[in-house]
$ cat structure10.csv   # CSV, C-alpha atoms
chain,number,residue,atom,x,y,z
A,174,LEU,CA,-36.6,26.5,-16.6
A,175,ILE,CA,-34.0,29.1,-15.7
A,176,THR,CA,-34.0,32.0,-18.1
A,177,SER,CA,-30.8,34.0,-18.1
A,178,GLY,CA,-31.5,37.6,-17.2
A,179,GLU,CA,-29.3,40.3,-15.6
A,180,ARG,CA,-25.8,39.1,-14.9
A,181,MET,CA,-25.4,38.7,-11.1
A,182,TYR,CA,-22.4,37.6,-9.1
A,183,ILE,CA,-24.5,35.0,-7.3
A,184,THR,CA,-27.7,33.5,-8.7
A,185,ASP,CA,-29.8,31.3,-6.5
A,186,ILE,CA,-31.6,28.7,-8.6
A,187,THR,CA,-33.0,26.6,-5.7
A,188,ASP,CA,-36.6,27.2,-6.9
A,189,SER,CA,-35.7,25.8,-10.3
A,190,THR,CA,-33.6,22.9,-9.2
A,191,PHE,CA,-34.9,19.3,-8.8
A,192,PHE,CA,-33.5,16.4,-6.8
A,193,TYR,CA,-33.5,12.6,-6.7
A,194,ILE,CA,-32.0,10.3,-4.1
A,195,ASP,CA,-30.8,7.0,-5.4
A,196,SER,CA,-31.6,4.6,-2.5
A,197,SER,CA,-30.6,1.6,-4.6
A,198,LYS,CA,-27.0,3.0,-5.1
A,199,GLN,CA,-27.0,1.3,-8.5
A,200,LEU,CA,-28.5,3.8,-10.9
A,201,LYS,CA,-26.5,5.1,-13.8
A,202,PRO,CA,-26.8,8.8,-14.6
A,203,ALA,CA,-28.5,8.0,-18.0
A,204,ASP,CA,-31.2,5.9,-16.1
A,205,ALA,CA,-31.6,8.5,-13.3
A,206,ALA,CA,-32.3,11.2,-15.9
A,207,GLN,CA,-35.4,9.4,-17.0
A,208,LEU,CA,-36.9,9.3,-13.5
A,209,ARG,CA,-39.3,11.7,-11.8
A,210,PHE,CA,-37.5,14.3,-9.8
A,211,ALA,CA,-38.9,16.4,-6.9
A,212,PRO,CA,-38.5,20.2,-6.4
A,213,LEU,CA,-35.5,20.8,-4.2
A,214,THR,CA,-37.5,23.4,-2.2
A,215,ARG,CA,-39.8,20.5,-1.0
A,216,PHE,CA,-36.9,18.5,0.5
A,217,PRO,CA,-37.0,19.3,4.3
A,218,GLY,CA,-33.5,18.0,4.9
A,219,ARG,CA,-31.7,20.2,2.4
A,220,ARG,CA,-30.5,22.6,5.1
A,221,ARG,CA,-29.1,19.7,7.1
A,222,VAL,CA,-29.1,16.3,5.4
A,223,PRO,CA,-30.1,13.5,7.8
A,224,ARG,CA,-27.4,10.9,8.6
A,225,GLU,CA,-29.4,8.0,7.2
A,226,LEU,CA,-29.4,9.7,3.7
A,227,LEU,CA,-25.6,10.3,3.5
A,228,GLN,CA,-25.0,6.8,2.2
A,229,TYR,CA,-27.0,7.4,-1.0
A,230,PRO,CA,-26.0,9.3,-4.1
A,231,VAL,CA,-28.0,12.4,-4.8
A,232,TYR,CA,-28.9,13.9,-8.2
A,233,LEU,CA,-29.6,17.6,-8.9
A,234,ARG,CA,-31.1,18.6,-12.2
A,235,PHE,CA,-31.6,22.1,-13.7
A,236,THR,CA,-32.1,23.7,-17.1
A,237,ILE,CA,-30.8,27.0,-18.3
A,238,ASN,CA,-32.1,28.9,-21.3
A,239,ASN,CA,-29.6,31.4,-22.6
A,240,SER,CA,-31.4,34.3,-24.5
A,241,HIS,CA,-28.2,36.4,-24.9
A,242,ASP,CA,-26.1,36.7,-28.0
A,243,SER,CA,-23.0,35.5,-26.1
A,244,ALA,CA,-22.3,32.3,-24.1
A,245,ILE,CA,-22.8,32.3,-20.4
A,246,HIS,CA,-20.5,30.6,-17.9
A,247,GLY,CA,-20.6,30.0,-14.2
A,248,TYR,CA,-19.8,27.6,-11.4
A,249,PHE,CA,-22.6,25.6,-9.9
A,250,TYR,CA,-22.4,25.3,-6.1
A,251,PRO,CA,-24.3,22.2,-4.8
A,252,GLY,CA,-23.7,22.7,-1.0
A,253,MET,CA,-21.4,20.8,1.4
A,254,TYR,CA,-19.8,18.4,2.1
A,255,PHE,CA,-19.2,16.0,-0.8
A,256,LYS,CA,-16.5,13.5,-1.6
A,257,GLN,CA,-17.4,13.2,-5.3
A,258,LEU,CA,-19.0,15.5,-7.9
A,259,ALA,CA,-19.8,14.6,-11.5
A,260,LEU,CA,-21.7,16.8,-14.0
A,261,TYR,CA,-23.5,15.5,-17.0
A,262,GLN,CA,-25.2,17.4,-19.9
A,263,ILE,CA,-28.6,15.9,-20.9
A,264,ASN,CA,-29.1,15.8,-24.7
A,265,THR,CA,-32.5,16.2,-26.3
A,266,ASN,CA,-32.6,12.5,-27.0
A,267,GLY,CA,-32.4,11.8,-23.2
A,268,GLU,CA,-28.8,10.4,-23.3
A,269,ASN,CA,-26.2,11.8,-21.0
A,270,GLU,CA,-22.8,13.2,-22.1
A,271,MET,CA,-20.0,13.5,-19.6
A,272,GLN,CA,-19.1,17.2,-19.0
A,273,LEU,CA,-15.5,18.2,-18.2
A,274,ILE,CA,-15.3,19.7,-14.7
A,275,PRO,CA,-12.4,22.1,-14.4
A,276,GLY,CA,-11.3,22.4,-10.8
A,277,GLY,CA,-14.0,20.0,-9.6
A,278,LYS,CA,-12.1,19.3,-6.4
A,279,ASN,CA,-12.8,22.7,-5.0
A,280,GLY,CA,-16.5,21.9,-4.5
A,281,PHE,CA,-17.9,23.7,-7.6
A,282,VAL,CA,-18.6,22.4,-11.1
A,283,PHE,CA,-18.4,24.5,-14.3
A,284,VAL,CA,-21.5,25.0,-16.5
A,285,SER,CA,-21.6,26.7,-19.9
A,286,VAL,CA,-24.5,27.5,-22.2
A,287,PRO,CA,-23.9,28.7,-25.8
A,288,PRO,CA,-25.8,31.8,-27.1
A,289,LYS,CA,-29.5,31.4,-28.0
A,290,SER,CA,-29.7,27.9,-26.7
A,291,ARG,CA,-30.9,25.8,-23.8
A,292,ARG,CA,-29.1,23.1,-21.9
A,293,SER,CA,-30.1,20.7,-19.1
A,294,PHE,CA,-27.6,19.5,-16.5
A,295,LEU,CA,-27.5,16.6,-14.2
A,296,LEU,CA,-25.2,16.6,-11.2
A,297,ARG,CA,-24.4,13.3,-9.4
A,298,ALA,CA,-23.0,13.9,-5.9
A,299,ILE,CA,-21.8,11.6,-3.2
A,300,PHE,CA,-21.9,13.0,0.4
A,301,ALA,CA,-19.0,12.9,2.8
A,302,ARG,CA,-19.9,11.5,6.2
A,303,SER,CA,-20.4,14.6,8.2
A,304,ASP,CA,-23.0,16.2,10.5
A,305,TYR,CA,-22.9,19.5,8.5
A,306,ASN,CA,-24.0,18.4,5.0
A,307,PHE,CA,-26.5,20.5,3.2
A,308,LEU,CA,-27.8,21.0,-0.3
A,309,SER,CA,-27.8,24.3,-2.2
A,310,ALA,CA,-28.2,25.4,-5.8
A,311,ARG,CA,-26.3,28.6,-6.8
A,312,ILE,CA,-24.5,29.7,-9.9
A,313,ILE,CA,-21.4,31.9,-9.2
A,314,GLN,CA,-19.9,34.1,-11.9
A,315,PRO,CA,-16.3,32.9,-12.7
A,316,ASP,CA,-14.6,36.2,-11.8
A,317,TYR,CA,-16.5,36.3,-8.4
A,318,LEU,CA,-15.6,32.7,-7.4
A,319,PRO,CA,-12.5,33.5,-5.2
A,320,ASN,CA,-14.6,36.1,-3.3
A,321,TYR,CA,-17.4,33.6,-2.8
A,322,VAL,CA,-15.1,31.0,-1.4
A,323,LYS,CA,-13.8,33.6,1.0
A,324,GLN,CA,-17.3,34.4,2.1
A,325,LEU,CA,-17.9,30.7,2.9
A,326,THR,CA,-14.7,30.1,4.7
A,327,PHE,CA,-14.8,33.2,6.8
A,328,TYR,CA,-18.5,32.8,7.7
A,329,ALA,CA,-17.8,31.6,11.2
A,330,SER,CA,-14.8,33.8,12.0
A,331,VAL,CA,-15.2,33.6,15.8
A,332,ARG,CA,-15.4,29.8,15.8
A,333,LYS,CA,-12.3,29.7,13.6
A,334,MET,CA,-10.4,32.1,15.9
A,335,ALA,CA,-11.2,29.9,18.9
A,336,GLY,CA,-10.0,26.8,17.0
A,337,PHE,CA,-6.7,28.4,16.1
A,338,LEU,CA,-6.3,29.7,19.7
A,339,PHE,CA,-6.8,26.2,21.3
A,340,ALA,CA,-4.5,24.7,18.6
A,341,GLY,CA,-1.8,27.1,19.7
A,342,VAL,CA,-2.3,26.0,23.4
A,343,MET,CA,-1.9,22.4,22.3
A,344,LEU,CA,1.2,23.3,20.3
A,345,MET,CA,2.8,24.7,23.5
A,346,MET,CA,1.8,21.5,25.4
A,347,PHE,CA,3.4,19.5,22.6
A,348,VAL,CA,6.7,21.5,22.8
A,349,PHE,CA,6.7,21.3,26.6
A,350,CYS,CA,6.3,17.5,26.5
A,351,ILE,CA,8.9,16.9,23.8
A,352,LEU,CA,11.5,19.0,25.6
A,353,ASN,CA,10.9,17.0,28.8
A,354,TYR,CA,11.2,13.8,26.9
A,355,ILE,CA,14.5,14.8,25.5
A,356,ALA,CA,15.8,16.0,28.9
A,357,LEU,CA,14.4,13.1,31.1
A,358,LYS,CA,14.0,10.3,28.6
A,359,ARG,CA,10.6,9.3,30.1
A,360,ASN,CA,8.2,7.8,27.7
A,361,GLU,CA,5.1,9.3,29.4
A,362,PHE,CA,6.2,12.7,28.1
A,363,LEU,CA,6.4,11.4,24.6
A,364,TYR,CA,3.0,9.8,24.8
A,365,ASN,CA,1.4,13.0,26.1
A,366,GLY,CA,3.2,15.0,23.4
A,367,ILE,CA,1.7,12.9,20.7
A,368,TYR,CA,-1.7,13.2,22.3
A,369,SER,CA,-1.3,17.0,22.4
A,370,CYS,CA,-0.2,17.0,18.7
A,371,CYS,CA,-3.3,15.0,17.6
A,372,MET,CA,-5.7,17.3,19.5
A,373,GLY,CA,-4.0,20.4,18.1
A,374,LEU,CA,-4.2,19.1,14.6
A,375,ILE,CA,-7.9,18.4,15.0
A,376,MET,CA,-8.6,21.9,16.3
A,377,MET,CA,-6.5,23.6,13.7
A,378,SER,CA,-7.9,21.5,10.8
A,379,TYR,CA,-11.5,22.1,12.0
A,380,ALA,CA,-10.9,25.9,12.1
A,381,TRP,CA,-9.2,25.8,8.7
A,382,PHE,CA,-11.7,23.4,6.9
A,383,TYR,CA,-15.0,24.6,8.5
A,384,ASN,CA,-17.4,25.8,5.8
A,385,ASN,CA,-14.9,25.1,3.1
A,386,PRO,CA,-16.6,23.5,0.0
A,387,ALA,CA,-13.5,21.7,-1.2
A,388,VAL,CA,-13.7,17.9,-1.5
A,389,TRP,CA,-10.7,17.4,0.8
A,390,ALA,CA,-12.4,19.3,3.6
A,391,GLY,CA,-15.3,16.8,3.4
A,392,GLU,CA,-12.7,14.0,3.6
A,393,PHE,CA,-11.3,15.5,6.8
A,394,PHE,CA,-14.8,15.8,8.4
A,395,SER,CA,-15.8,12.3,7.2
A,396,HIS,CA,-12.7,10.4,8.3
A,397,TRP,CA,-9.5,11.9,9.3
A,398,TRP,CA,-10.7,13.9,12.4
A,399,LEU,CA,-12.0,10.6,14.0
A,400,VAL,CA,-8.7,8.8,13.2
A,401,LEU,CA,-6.7,11.6,14.9
A,402,LEU,CA,-9.1,11.6,17.8
A,403,ASN,CA,-8.8,7.9,18.5
A,404,VAL,CA,-5.0,7.9,17.9
A,405,GLY,CA,-4.8,10.7,20.4
A,406,TYR,CA,-6.8,8.8,22.9
A,407,ILE,CA,-4.6,5.7,22.5
A,408,PHE,CA,-1.5,7.7,23.3
A,409,TYR,CA,-3.2,9.4,26.3
A,410,ILE,CA,-4.1,6.0,27.7
A,411,GLN,CA,-0.4,5.0,27.2
A,412,PHE,CA,0.6,8.1,29.0
A,413,THR,CA,-1.7,7.3,31.9
A,414,ARG,CA,-0.4,3.7,32.1
A,415,LYS,CA,3.2,4.8,32.3
A,416,PHE,CA,2.5,7.8,34.7
A,417,LEU,CA,0.6,5.6,37.2
A,418,ASP,CA,2.7,2.5,36.5
A,419,THR,CA,-0.5,0.5,36.3
A,420,ALA,CA,1.4,-2.6,35.1
A,421,ARG,CA,2.8,-3.1,38.6
A,422,GLN,CA,0.6,-1.0,40.9
A,423,PHE,CA,-2.9,-1.6,39.4
A,424,PRO,CA,-3.1,-4.8,37.3
A,425,PHE,CA,-6.9,-4.6,36.9
A,426,LEU,CA,-6.8,-1.0,35.8
A,427,ASN,CA,-3.9,-1.9,33.4
A,428,LYS,CA,-6.0,-4.6,31.8
A,429,LEU,CA,-8.9,-2.2,31.4
A,430,PHE,CA,-6.6,0.4,29.7
A,431,LEU,CA,-5.3,-2.3,27.3
A,432,SER,CA,-8.8,-3.4,26.4
A,433,GLN,CA,-9.7,0.3,25.6
A,434,ILE,CA,-6.7,0.5,23.3
A,435,VAL,CA,-7.9,-2.6,21.4
A,436,ILE,CA,-11.4,-1.2,21.1
A,437,LEU,CA,-10.1,2.1,19.8
A,438,ILE,CA,-8.0,0.4,17.2
A,439,PHE,CA,-11.0,-1.7,16.2
A,440,LEU,CA,-13.1,1.5,15.8
A,441,ILE,CA,-10.4,3.1,13.5
A,442,ILE,CA,-10.4,0.0,11.3
A,443,THR,CA,-14.1,-0.4,11.0
A,444,HIS,CA,-14.8,3.3,10.4
A,445,SER,CA,-12.1,3.4,7.7

$ encode --input "structure10.csv" --output "structure tokens"
Amino acid sequence: LITSGERMYITDITDSTFFYIDSSKQLKPADAAQLRFAPLTRFPGRRRVPRELLQYPVYLRFTINNSHDSAIHGYFYPGMYFKQLALYQINTNGENEMQLIPGGKNGFVFVSVPPKSRRSFLLRAIFARSDYNFLSARIIQPDYLPNYVKQLTFYASVRKMAGFLFAGVMLMMFVFCILNYIALKRNEFLYNGIYSCCMGLIMMSYAWFYNNPAVWAGEFFSHWWLVLLNVGYIFYIQFTRKFLDTARQFPFLNKLFLSQIVILIFLIITHS
């Protein structure tokens, strides 16, 4: 039970939060609420969720007792990275009632407890496919939320600066290749330019989205970066084929390159 005390900008409720992983993928929230949850502090993978668990929905449960004469509001932060968040209020009869989530796409869910009352909440979350997922349990005061998001996104400032720097280098390579393509009308410059564009987008997006709790940041890490990577490889292989003229000079190498393109297209489709 979480008893409201002194109002703080950030309240860590990890010690009072419980979790359940739905390995069947078929539980309804009302059924999950009846099961036995485990303390979140006992989950060894909460700081870095293992890959094999990313495919399962996870439930977080907590109860807040408001002893004040006024309602308390806040945004619950469950961690990163998720592609879907849904908050439920658990009634005294055990049934679940869907709770409106203002701005749920930004990675936070809104919680509210009336004065002199107690409410239990159940959060159903679906992970994005990433190597950086973790679970947290914090309640952020509404007026402090913009600052907290800035704290998260600027956490790795050196890494972000390096990402933007290399993205700028790739942008210069892209401009160089496109100008040569316009001047010389040689396809290899166009292929190399598209490759540079894809690599630059990956570096810029990684620097921009890293440690961002928004759902669309999780979508980038789970899907779009790999699509950009493989598309970039495909065009780099095309650049190599044209630059070396493998169709005439090296037939075996040309077949090997074409087979690699087919494999990369297959990887994009299967991953998607």

$ closest_residue --input "structure10.csv" --among "A:Leu417, A:Ile442, A:Ala380, A:Ile367" --to "A:Val400" --atoms "only C-alpha atoms"
A:Ile442

$ residues_around --input "structure10.csv" --residues "A:Gln257" --least-positions-apart "5" --cutoff "8 Å" --atoms "only C-alpha atoms" --output "PyMOL selection string"
chain A and resi 298-300+388

$ residues_around --input "structure10.csv" --residues "A:Arg359" --least-positions-apart "6" --cutoff "12 Å" --atoms "only C-alpha atoms" --output "list in words"
Cys350, Ile351, Leu352, Asn353, Asn365, Gly366, Phe412, Lys415 and Phe416 of chain A

$ residues_around --input "structure10.csv" --residues "A:Gly341" --least-positions-apart "3" --cutoff "10 Å" --atoms "only C-alpha atoms" --output "PyMOL selection string"
chain A and resi 335-338+344-347+373-374+376-377

$ residues_around --input "structure10.csv" --residues "A:Pro212" --least-positions-apart "3" --cutoff "10 Å" --atoms "all atoms listed in the file" --output "short mmCIF file (atom, residue, chain, number, x, y, z; two decimals) with C-alpha atoms, in the frame of the given file"
data_model
loop_
_atom_site.label_atom_id
_atom_site.label_comp_id
_atom_site.auth_asym_id
_atom_site.auth_seq_id
_atom_site.Cartn_x
_atom_site.Cartn_y
_atom_site.Cartn_z
CA THR A 187 -33.00 26.60 -5.70
CA ASP A 188 -36.60 27.20 -6.90
CA SER A 189 -35.70 25.80 -10.30
CA THR A 190 -33.60 22.90 -9.20
CA PHE A 191 -34.90 19.30 -8.80
CA PHE A 192 -33.50 16.40 -6.80
CA TYR A 193 -33.50 12.60 -6.70
CA ARG A 215 -39.80 20.50 -1.00
CA PHE A 216 -36.90 18.50 0.50
CA LEU A 233 -29.60 17.60 -8.90
CA ARG A 234 -31.10 18.60 -12.20
#

$ residues_around --input "structure10.csv" --residues "A:Ser243" --least-positions-apart "4" --cutoff "9 Å" --atoms "all atoms listed in the file" --output "PyMOL selection string"
chain A and resi 239+287-289

$ closest_residue --input "structure10.csv" --among "A:Lys333, A:Arg302, A:Arg292, A:Arg414" --to "A:Leu174" --atoms "only C-alpha atoms"
A:Arg292

$ residues_near_point --input "structure10.csv" --point "(-22.8, 25.8, -13.5)" --cutoff "6 Å" --atoms "all atoms listed in the file" --output "MDAnalysis selection string"
chainID A and resid 247:249 282:284 312

$ atom_distance --input "structure10.csv" --atom1 "atom CA of A:Leu308" --atom2 "atom CA of A:Asn264"
25.0 Å

$ residues_near_point --input "structure10.csv" --point "(-7.7, 0.7, 20.7)" --cutoff "12 Å" --atoms "all atoms listed in the file" --output "ChimeraX atom specification"
/A:400,402-411,429-443

$ write_last_selection --input "structure10.csv" --atoms "C-alpha atoms" --output "PDB file, in the frame of the given file"
ATOM      1  CA  VAL A 400      -8.700   8.800  13.200  1.00  0.00           C
ATOM      2  CA  LEU A 402      -9.100  11.600  17.800  1.00  0.00           C
ATOM      3  CA  ASN A 403      -8.800   7.900  18.500  1.00  0.00           C
ATOM      4  CA  VAL A 404      -5.000   7.900  17.900  1.00  0.00           C
ATOM      5  CA  GLY A 405      -4.800  10.700  20.400  1.00  0.00           C
ATOM      6  CA  TYR A 406      -6.800   8.800  22.900  1.00  0.00           C
ATOM      7  CA  ILE A 407      -4.600   5.700  22.500  1.00  0.00           C
ATOM      8  CA  PHE A 408      -1.500   7.700  23.300  1.00  0.00           C
ATOM      9  CA  TYR A 409      -3.200   9.400  26.300  1.00  0.00           C
ATOM     10  CA  ILE A 410      -4.100   6.000  27.700  1.00  0.00           C
ATOM     11  CA  GLN A 411      -0.400   5.000  27.200  1.00  0.00           C
ATOM     12  CA  LEU A 429      -8.900  -2.200  31.400  1.00  0.00           C
ATOM     13  CA  PHE A 430      -6.600   0.400  29.700  1.00  0.00           C
ATOM     14  CA  LEU A 431      -5.300  -2.300  27.300  1.00  0.00           C
ATOM     15  CA  SER A 432      -8.800  -3.400  26.400  1.00  0.00           C
ATOM     16  CA  GLN A 433      -9.700   0.300  25.600  1.00  0.00           C
ATOM     17  CA  ILE A 434      -6.700   0.500  23.300  1.00  0.00           C
ATOM     18  CA  VAL A 435      -7.900  -2.600  21.400  1.00  0.00           C
ATOM     19  CA  ILE A 436     -11.400  -1.200  21.100  1.00  0.00           C
ATOM     20  CA  LEU A 437     -10.100   2.100  19.800  1.00  0.00           C
ATOM     21  CA  ILE A 438      -8.000   0.400  17.200  1.00  0.00           C
ATOM     22  CA  PHE A 439     -11.000  -1.700  16.200  1.00  0.00           C
ATOM     23  CA  LEU A 440     -13.100   1.500  15.800  1.00  0.00           C
ATOM     24  CA  ILE A 441     -10.400   3.100  13.500  1.00  0.00           C
ATOM     25  CA  ILE A 442     -10.400   0.000  11.300  1.00  0.00           C
ATOM     26  CA  THR A 443     -14.100  -0.400  11.000  1.00  0.00           C
TER      27      THR A 443
END

$ closest_residue --input "structure10.csv" --among "A:Arg219, A:Phe307, A:Ile245, A:Ala390" --to "A:Val286" --atoms "only C-alpha atoms"
A:Ile245

$ atom_distance --input "structure10.csv" --atom1 "atom CA of A:Phe255" --atom2 "atom CA of A:Ser196"
16.9 Å
